[in-house]
Structure formats: structure tokens, C-alpha cells
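Colleague: The file below is input-v5.cif, mmCIF, C-alpha atoms and all ligand atoms:
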```cif
data_structure
loop_
_atom_site.label_atom_id
_atom_site.label_comp_id
_atom_site.auth_asym_id
_atom_site.auth_seq_id
_atom_site.Cartn_x
_atom_site.Cartn_y
_atom_site.Cartn_z
CA MET A 1 -32.30 169.65 44.20
CA ASN A 2 -31.89 169.64 40.46
CA ASP A 3 -28.71 167.69 39.76
CA GLY A 4 -28.16 169.67 36.61
CA ALA A 5 -27.98 172.98 38.44
CA PRO A 6 -24.57 174.33 39.34
CA HIS A 7 -23.57 174.09 42.97
CA LEU A 8 -22.15 177.51 43.58
CA TYR A 9 -20.62 179.29 46.49
CA VAL A 10 -19.28 182.72 47.34
CA VAL A 11 -16.30 183.26 49.65
CA LEU A 12 -15.65 186.70 51.07
CA THR A 13 -12.42 188.28 52.19
CA TYR A 14 -11.10 191.72 52.96
CA VAL A 15 -7.93 193.40 51.74
CA PRO A 16 -7.01 196.17 54.20
CA ARG A 17 -4.55 197.99 51.97
CA LEU A 18 -3.21 197.88 48.44
CA THR A 19 -1.26 194.63 48.30
CA THR A 20 0.47 192.77 45.51
CA VAL A 21 0.10 189.02 45.75
CA PRO A 22 1.64 186.42 43.43
CA VAL A 23 -1.29 184.45 42.02
CA GLY A 24 0.05 181.37 40.28
CA ALA A 25 -0.01 181.67 36.52
CA LEU A 26 -1.50 185.16 36.70
CA GLY A 27 1.74 186.42 38.19
CA PRO A 28 1.86 189.34 40.64
CA VAL A 29 -1.59 190.85 41.08
CA ALA A 30 -2.30 194.15 42.84
CA PHE A 31 -5.37 194.04 45.06
CA GLU A 32 -6.86 197.38 45.97
CA ARG A 33 -8.22 197.87 49.45
CA GLY A 34 -11.72 196.50 49.65
CA TRP A 35 -13.93 193.47 49.99
CA TYR A 36 -13.60 190.60 47.55
CA ALA A 37 -16.24 188.02 46.77
CA TYR A 38 -14.96 184.91 45.03
CA VAL A 39 -17.52 182.88 43.09
CA GLY A 40 -16.81 179.19 42.70
CA SER A 41 -18.60 176.00 41.85
CA ALA A 42 -18.20 172.41 42.91
CA ALA A 43 -19.88 169.65 41.01
CA ARG A 44 -19.88 167.58 44.20
CA ALA A 45 -18.62 167.88 47.75
CA ARG A 46 -19.35 171.58 47.79
CA ARG A 47 -19.16 171.87 51.56
CA ALA A 48 -15.72 170.26 51.57
CA ARG A 49 -14.59 172.66 48.86
CA VAL A 50 -15.79 175.68 50.78
CA ALA A 51 -14.22 174.38 53.98
CA ARG A 52 -10.97 174.07 52.09
CA HIS A 53 -11.17 177.72 51.06
CA LEU A 54 -11.63 178.64 54.71
CA ALA A 55 -8.77 176.46 55.94
CA PRO A 56 -5.61 178.39 56.78
CA PHE A 57 -3.01 175.94 55.47
CA LYS A 58 -3.22 174.07 52.20
CA PRO A 59 -1.32 173.64 48.97
CA LEU A 60 -1.84 176.58 46.64
CA ARG A 61 -3.70 175.25 43.64
CA TRP A 62 -6.39 177.63 42.46
CA HIS A 63 -6.16 181.39 42.06
CA ALA A 64 -8.40 181.72 45.09
CA ASP A 65 -5.90 179.80 47.21
CA TYR A 66 -3.32 182.53 46.73
CA LEU A 67 -5.80 185.23 47.66
CA PHE A 68 -7.06 183.46 50.77
CA ALA A 69 -3.53 182.54 51.84
CA ALA A 70 -2.71 186.25 51.90
CA PHE A 71 -6.10 187.39 53.21
CA PRO A 72 -8.01 184.71 55.12
CA ALA A 73 -11.56 184.05 54.03
CA ARG A 74 -14.05 185.63 56.40
CA ARG A 75 -17.38 184.27 55.33
CA ALA A 76 -18.97 182.00 52.80
CA TRP A 77 -22.39 181.41 51.35
CA LEU A 78 -23.75 178.42 49.48
CA VAL A 79 -25.72 179.56 46.47
CA ASP A 80 -28.33 177.64 44.51
CA GLY A 81 -30.44 178.81 41.63
CA ALA A 82 -27.91 180.84 39.66
CA ALA A 83 -27.22 179.94 36.06
CA GLY A 84 -23.50 179.49 36.66
CA GLU A 85 -20.45 180.97 38.31
CA CYS A 86 -19.74 183.33 35.39
CA GLU A 87 -23.32 184.62 35.51
CA LEU A 88 -23.31 185.00 39.28
CA ALA A 89 -20.01 186.89 39.20
CA GLY A 90 -21.46 189.17 36.55
CA ALA A 91 -24.60 189.79 38.60
CA LEU A 92 -22.57 190.57 41.71
CA ALA A 93 -20.38 192.95 39.73
CA ALA A 94 -23.51 194.79 38.60
CA LEU A 95 -24.32 195.72 42.21
CA PRO A 96 -23.48 199.23 43.46
CA SER A 97 -19.78 199.78 44.24
CA ALA A 98 -18.86 196.42 42.74
CA ALA A 99 -16.65 195.44 39.80
CA ARG A 100 -14.95 192.30 38.55
CA ARG A 101 -11.39 192.76 39.58
CA PRO A 102 -8.71 191.68 38.94
CA GLY A 103 -9.73 190.50 35.49
CA ARG A 104 -9.76 186.82 34.62
CA PHE A 105 -9.24 185.80 38.24
CA GLY A 106 -10.45 182.25 38.74
CA ALA A 107 -11.59 182.06 35.16
CA GLY A 108 -9.13 179.49 33.84
CA ASP A 109 -11.87 177.23 32.54
CA CYS A 110 -14.14 179.80 30.93
CA ARG A 111 -14.02 182.97 28.89
CA CYS A 112 -15.68 185.43 31.23
CA ALA A 113 -14.24 188.55 32.85
CA GLY A 114 -13.43 186.76 36.07
CA HIS A 115 -14.92 185.18 39.17
CA LEU A 116 -13.65 187.67 41.73
CA VAL A 117 -15.72 190.77 42.47
CA ARG A 118 -14.41 193.73 44.41
CA PHE A 119 -16.76 195.77 46.57
CA ALA A 120 -15.96 199.16 48.06
CA ARG A 121 -18.27 198.29 50.94
CA ARG A 122 -18.90 195.00 52.66
CA PRO A 123 -21.35 192.84 50.71
CA ARG A 124 -24.12 191.18 52.70
CA ARG A 125 -26.08 188.02 52.17
CA ALA A 126 -28.92 190.17 50.85
CA ASP A 127 -26.60 191.41 48.11
CA VAL A 128 -25.84 187.85 47.05
CA THR A 129 -29.53 187.01 47.18
CA SER A 130 -30.41 189.92 44.95
CA ALA A 131 -27.70 188.89 42.50
CA VAL A 132 -29.00 185.34 42.30
CA GLY A 133 -32.55 186.41 41.64
CA GLN A 134 -35.96 185.30 42.77
CA ASN A 135 -35.45 181.61 42.23
CA GLY A 136 -32.19 181.53 44.11
CA ALA A 137 -31.29 180.40 47.58
CA VAL A 138 -28.36 181.66 49.64
CA CYS A 139 -27.38 180.16 52.95
CA ALA A 140 -24.53 181.01 55.25
CA PHE A 141 -21.79 178.44 55.52
CA SER A 142 -20.09 177.76 58.79
CA VAL A 143 -17.53 175.21 59.84
CA GLY A 144 -17.27 173.87 63.35
CA SER A 145 -15.87 176.41 65.75
CA ARG A 146 -15.35 179.13 63.18
CA LYS A 147 -18.14 181.41 64.25
CA GLU A 148 -19.14 184.88 63.28
CA SER A 149 -16.30 186.13 65.42
CA VAL A 150 -14.12 187.44 62.65
CA THR A 151 -14.18 191.17 62.94
CA GLY A 152 -12.71 194.21 61.39
CA GLY A 153 -13.08 196.15 58.26
CA ASP A 154 -16.57 197.42 58.74
ZN ZN A 201 -16.33 182.56 34.16
#
```
Could you express the structure from this file as C-alpha cells?
Modeller:
Amino acid sequence: MNDGAPHLYVVLTYVPRLTTVPVGALGPVAFERGWYAYVGSAARARRARVARHLAPFKPLRWHADYLFAAFPARRAWLVDGAAGECELAGALAALPSAARRPGRFGAGDCRCAGHLVRFARRPRRADVTSAVGQNGAVCAFSVGSRKESVTGGD
């Protein structure tokens, strides 16, 4: 793997009804019903980072922690080949029924519109693959006993 390439990931959750969640410095944020794909990057220890997102109890540090504390993460993909998290979030938001929302979420270290993308319908791995492009690779992430048993919403 090219060490200069960003080590990205996407974590998916579902918000079953309009819910306002306090998100750290962003303050109270209203999340519409829908699916949310959070794009993150980890310079190293990406698997540990993703596992942390999927863990139910942890200190709330990043914007994503507040979201996943309220709505547990359901699925994650490891993504290679994208230019960066801002670019991948933008490409996901360009898919049908998708939009970056709420604005600036997870974007404390950059100037983009945000790293959280809302989908009206459940995004699939193929959606992530199409957003990454031909040179990309997307693989499902799983931790230990957490299998594909999470249901609901679709
Ligand atoms: Zn960004």
C-alpha cells in the first residue's frame, strides 16, 4: 500500500426519527430521519479507530462520537484509493438521495462542507465503491462477534 495515501473509512448509522443531539462544539444538531455515512481517516491504526467508532461506550471526543452514542454504528467499510476524506464525502454526497448534512460535521481540521452524508435510502458497499472510483478498494469491516445481525431500517 502506498504510505502516502489516506487511510479512510466510512461508518454507517441510521436515525429512525428526527432527533436533536448535542454534538460537542457544534451544539445541538437536528438529525433528520435517514441513513448517515461518516467519512473518517486514520493515519495509522485504522482498524482500532473504526472499532472504537463501533464500540458502545467511550469518552465523547469527536463529532462522530456524539452521533454514534445516540445512534449506534451499524456497519463500516475500509476505503483505499480515495484522494481524501473531504473528497470521498463529496463523492458520496453526489450520489442519488444523498447530501452532506449537517454541515461542517467532522470537519474541524479542514474547510470542506462536512464529513457526514445523509442518505434517504440505505447506502450499500457498491455505493461507496462507485464514490471512490475505479482505483479504489472498499472492504467490509467487522469486529469479533459483531456480525451482520444488526437489523432494521430497511
Ligand atoms: Zn473535509
Colleague: Please, what distance in Å, to one decimal, runs between atom CA of A:Pro6 and atom CA of A:Phe57?
Modeller: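 Spanning atom CA of A:Pro6 to atom CA of A:Phe57 is a straight-line distance of 27.0 Å.
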Colleague: Show me, as a PyMOL selection string, the residues that have an atom within 9 Å of A:Val29 when counting all atoms listed in the file, minus same-chain residues fewer than 4 positions from it.
Modeller: chain A and resi 19-23+102
Colleague: Within 12 Å of A:Ala120, counting all atoms listed in the file, which residues show up once you throw out same-chain ones fewer than 5 positions away? Write them as a PyMOL selection string, please.
Modeller: chain A and resi 14-16+32-37+93+95-101+153-154
Colleague: Which value, in Å to one decimal, gives the distance between atom CA of A:Val50 and atom CA of A:Ala76?
Modeller: 7.4 Å
Colleague: 10 Å from ligand ZN 201 (chain A) is the threshold here; counting only C-alpha atoms and all ligand atoms, which polymer residues fall inside it? Answer as a list in words.
Modeller: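 These are the residues that qualify: Val39, Gly40, Gly84, Glu85, Cys86, Glu87, Leu88, Ala89, Gly90, Arg104, Phe105, Gly106, Ala107, Gly108, Asp109, Cys110, Arg111, Cys112, Ala113, Gly114, His115 and Leu116 of chain A.
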Colleague: Take atom CA of A:Ala25 and atom CA of A:Tyr9 and report the distance between them in Å, one decimal.
Modeller: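 Atom-to-atom, atom CA of A:Ala25 to atom CA of A:Tyr9, that is 23.0 Å.
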Colleague: Using only C-alpha atoms for the distances, tell me which of A:Arg75, A:His7, A:His53, A:Arg122 is nearest to A:Ser41.
Modeller: A:His7
Colleague: Would you place a box with edges along x, y and z of the file around all atoms of stretch 24-28 of chain A listed there, add 5 Å to each of its six sides, and report the centre and edge lengths in Å to one decimal, as AutoDock Vina command-line options?
Modeller:
```
--center_x 0.2 --center_y 185.4 --center_z 38.6 --size_x 13.4 --size_y 18.0 --size_z 14.1
```
Colleague: Between A:Asp80, A:Gly24, A:Gln134, A:Phe141, which one has atoms that come closest to A:Leu60, using only C-alpha atoms?
Modeller: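 Closest to A:Leu60 of all the choices is A:Gly24.
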Colleague: Quick one: of A:Ala69, A:Val117, A:Val79, A:Val10, who's nearest to A:Gly136, counting all atoms listed in the file?
Modeller: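 Looking at the shortest contact to A:Gly136, the residue is A:Val79.
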Colleague: Residues near A:Val128, anyone? I mean within 9 Å using all atoms listed in the file, not counting same-chain ones fewer than 3 positions away, as a PyMOL selection string.
Modeller: chain A and resi 10+77+79+88+91-92+123-125+131-133+138
Colleague: Out of A:Ala137, A:Leu67, A:Ala43, A:Val11, which residue has the shortest atom-to-atom distance to A:Ala30 when counting all atoms listed in the file?
Modeller: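 Among the listed residues, A:Leu67 lies closest to A:Ala30.
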Colleague: Please determine, counting only C-alpha atoms, which residue among A:Phe68, A:Phe119, A:Pro28, A:Arg46 has the shortest atom-to-atom distance to A:Leu8.
Modeller: A:Arg46
Colleague: Taking N, CA and C atoms as the atom set, what does stretch 73-99 of chain A look like once completed, written as a PDB file, in the coordinates of the input?
Modeller:
```
ATOM      1  N   ALA A  73     -10.135 183.946  54.326  1.00  0.00           N
ATOM      2  CA  ALA A  73     -11.560 184.050  54.030  1.00  0.00           C
ATOM      3  C   ALA A  73     -12.329 184.324  55.315  1.00  0.00           C
ATOM      4  N   ARG A  74     -13.314 185.202  55.217  1.00  0.00           N
ATOM      5  CA  ARG A  74     -14.050 185.630  56.400  1.00  0.00           C
ATOM      6  C   ARG A  74     -15.451 185.048  56.472  1.00  0.00           C
ATOM      7  N   ARG A  75     -15.987 184.673  55.355  1.00  0.00           N
ATOM      8  CA  ARG A  75     -17.380 184.270  55.330  1.00  0.00           C
ATOM      9  C   ARG A  75     -17.631 183.543  54.020  1.00  0.00           C
ATOM     10  N   ALA A  76     -18.617 182.682  54.044  1.00  0.00           N
ATOM     11  CA  ALA A  76     -18.970 182.000  52.800  1.00  0.00           C
ATOM     12  C   ALA A  76     -20.463 181.754  52.758  1.00  0.00           C
ATOM     13  N   TRP A  77     -20.987 181.731  51.566  1.00  0.00           N
ATOM     14  CA  TRP A  77     -22.390 181.410  51.350  1.00  0.00           C
ATOM     15  C   TRP A  77     -22.482 180.314  50.299  1.00  0.00           C
ATOM     16  N   LEU A  78     -23.423 179.414  50.501  1.00  0.00           N
ATOM     17  CA  LEU A  78     -23.750 178.420  49.480  1.00  0.00           C
ATOM     18  C   LEU A  78     -24.906 178.985  48.668  1.00  0.00           C
ATOM     19  N   VAL A  79     -24.769 178.891  47.358  1.00  0.00           N
ATOM     20  CA  VAL A  79     -25.720 179.560  46.470  1.00  0.00           C
ATOM     21  C   VAL A  79     -26.319 178.545  45.501  1.00  0.00           C
ATOM     22  N   ASP A  80     -27.632 178.487  45.474  1.00  0.00           N
ATOM     23  CA  ASP A  80     -28.330 177.640  44.510  1.00  0.00           C
ATOM     24  C   ASP A  80     -29.280 178.503  43.693  1.00  0.00           C
ATOM     25  N   GLY A  81     -29.459 178.119  42.453  1.00  0.00           N
ATOM     26  CA  GLY A  81     -30.440 178.810  41.630  1.00  0.00           C
ATOM     27  C   GLY A  81     -29.840 179.748  40.598  1.00  0.00           C
ATOM     28  N   ALA A  82     -28.545 179.989  40.665  1.00  0.00           N
ATOM     29  CA  ALA A  82     -27.910 180.840  39.660  1.00  0.00           C
ATOM     30  C   ALA A  82     -27.590 179.993  38.424  1.00  0.00           C
ATOM     31  N   ALA A  83     -27.468 180.665  37.301  1.00  0.00           N
ATOM     32  CA  ALA A  83     -27.220 179.940  36.060  1.00  0.00           C
ATOM     33  C   ALA A  83     -25.827 179.303  36.057  1.00  0.00           C
ATOM     34  N   GLY A  84     -24.862 179.998  36.644  1.00  0.00           N
ATOM     35  CA  GLY A  84     -23.500 179.490  36.660  1.00  0.00           C
ATOM     36  C   GLY A  84     -22.602 180.473  37.360  1.00  0.00           C
ATOM     37  N   GLU A  85     -21.346 180.091  37.561  1.00  0.00           N
ATOM     38  CA  GLU A  85     -20.450 180.970  38.310  1.00  0.00           C
ATOM     39  C   GLU A  85     -20.139 182.248  37.521  1.00  0.00           C
ATOM     40  N   CYS A  86     -20.005 182.137  36.206  1.00  0.00           N
ATOM     41  CA  CYS A  86     -19.740 183.330  35.390  1.00  0.00           C
ATOM     42  C   CYS A  86     -20.902 184.315  35.514  1.00  0.00           C
ATOM     43  N   GLU A  87     -22.126 183.773  35.428  1.00  0.00           N
ATOM     44  CA  GLU A  87     -23.320 184.620  35.510  1.00  0.00           C
ATOM     45  C   GLU A  87     -23.466 185.246  36.889  1.00  0.00           C
ATOM     46  N   LEU A  88     -23.186 184.459  37.930  1.00  0.00           N
ATOM     47  CA  LEU A  88     -23.310 185.000  39.280  1.00  0.00           C
ATOM     48  C   LEU A  88     -22.257 186.088  39.520  1.00  0.00           C
ATOM     49  N   ALA A  89     -21.038 185.854  39.050  1.00  0.00           N
ATOM     50  CA  ALA A  89     -20.010 186.890  39.200  1.00  0.00           C
ATOM     51  C   ALA A  89     -20.431 188.160  38.474  1.00  0.00           C
ATOM     52  N   GLY A  90     -21.005 188.005  37.302  1.00  0.00           N
ATOM     53  CA  GLY A  90     -21.460 189.170  36.550  1.00  0.00           C
ATOM     54  C   GLY A  90     -22.570 189.911  37.272  1.00  0.00           C
ATOM     55  N   ALA A  91     -23.492 189.157  37.883  1.00  0.00           N
ATOM     56  CA  ALA A  91     -24.600 189.790  38.600  1.00  0.00           C
ATOM     57  C   ALA A  91     -24.106 190.500  39.852  1.00  0.00           C
ATOM     58  N   LEU A  92     -23.144 189.904  40.532  1.00  0.00           N
ATOM     59  CA  LEU A  92     -22.570 190.570  41.710  1.00  0.00           C
ATOM     60  C   LEU A  92     -21.850 191.854  41.306  1.00  0.00           C
ATOM     61  N   ALA A  93     -21.139 191.781  40.185  1.00  0.00           N
ATOM     62  CA  ALA A  93     -20.380 192.950  39.730  1.00  0.00           C
ATOM     63  C   ALA A  93     -21.287 194.084  39.290  1.00  0.00           C
ATOM     64  N   ALA A  94     -22.557 193.758  39.015  1.00  0.00           N
ATOM     65  CA  ALA A  94     -23.510 194.790  38.600  1.00  0.00           C
ATOM     66  C   ALA A  94     -24.107 195.531  39.797  1.00  0.00           C
ATOM     67  N   LEU A  95     -23.811 195.044  41.014  1.00  0.00           N
ATOM     68  CA  LEU A  95     -24.320 195.720  42.210  1.00  0.00           C
ATOM     69  C   LEU A  95     -23.568 197.037  42.420  1.00  0.00           C
ATOM     70  N   PRO A  96     -24.160 197.957  43.184  1.00  0.00           N
ATOM     71  CA  PRO A  96     -23.480 199.230  43.460  1.00  0.00           C
ATOM     72  C   PRO A  96     -22.115 199.006  44.119  1.00  0.00           C
ATOM     73  N   SER A  97     -21.145 199.782  43.706  1.00  0.00           N
ATOM     74  CA  SER A  97     -19.780 199.780  44.240  1.00  0.00           C
ATOM     75  C   SER A  97     -19.005 198.513  43.923  1.00  0.00           C
ATOM     76  N   ALA A  98     -19.516 197.686  43.038  1.00  0.00           N
ATOM     77  CA  ALA A  98     -18.860 196.420  42.740  1.00  0.00           C
ATOM     78  C   ALA A  98     -18.294 196.404  41.318  1.00  0.00           C
ATOM     79  N   ALA A  99     -17.238 195.622  41.122  1.00  0.00           N
ATOM     80  CA  ALA A  99     -16.650 195.440  39.800  1.00  0.00           C
ATOM     81  C   ALA A  99     -15.836 194.159  39.801  1.00  0.00           C
TER      82      ALA A  99
END
```
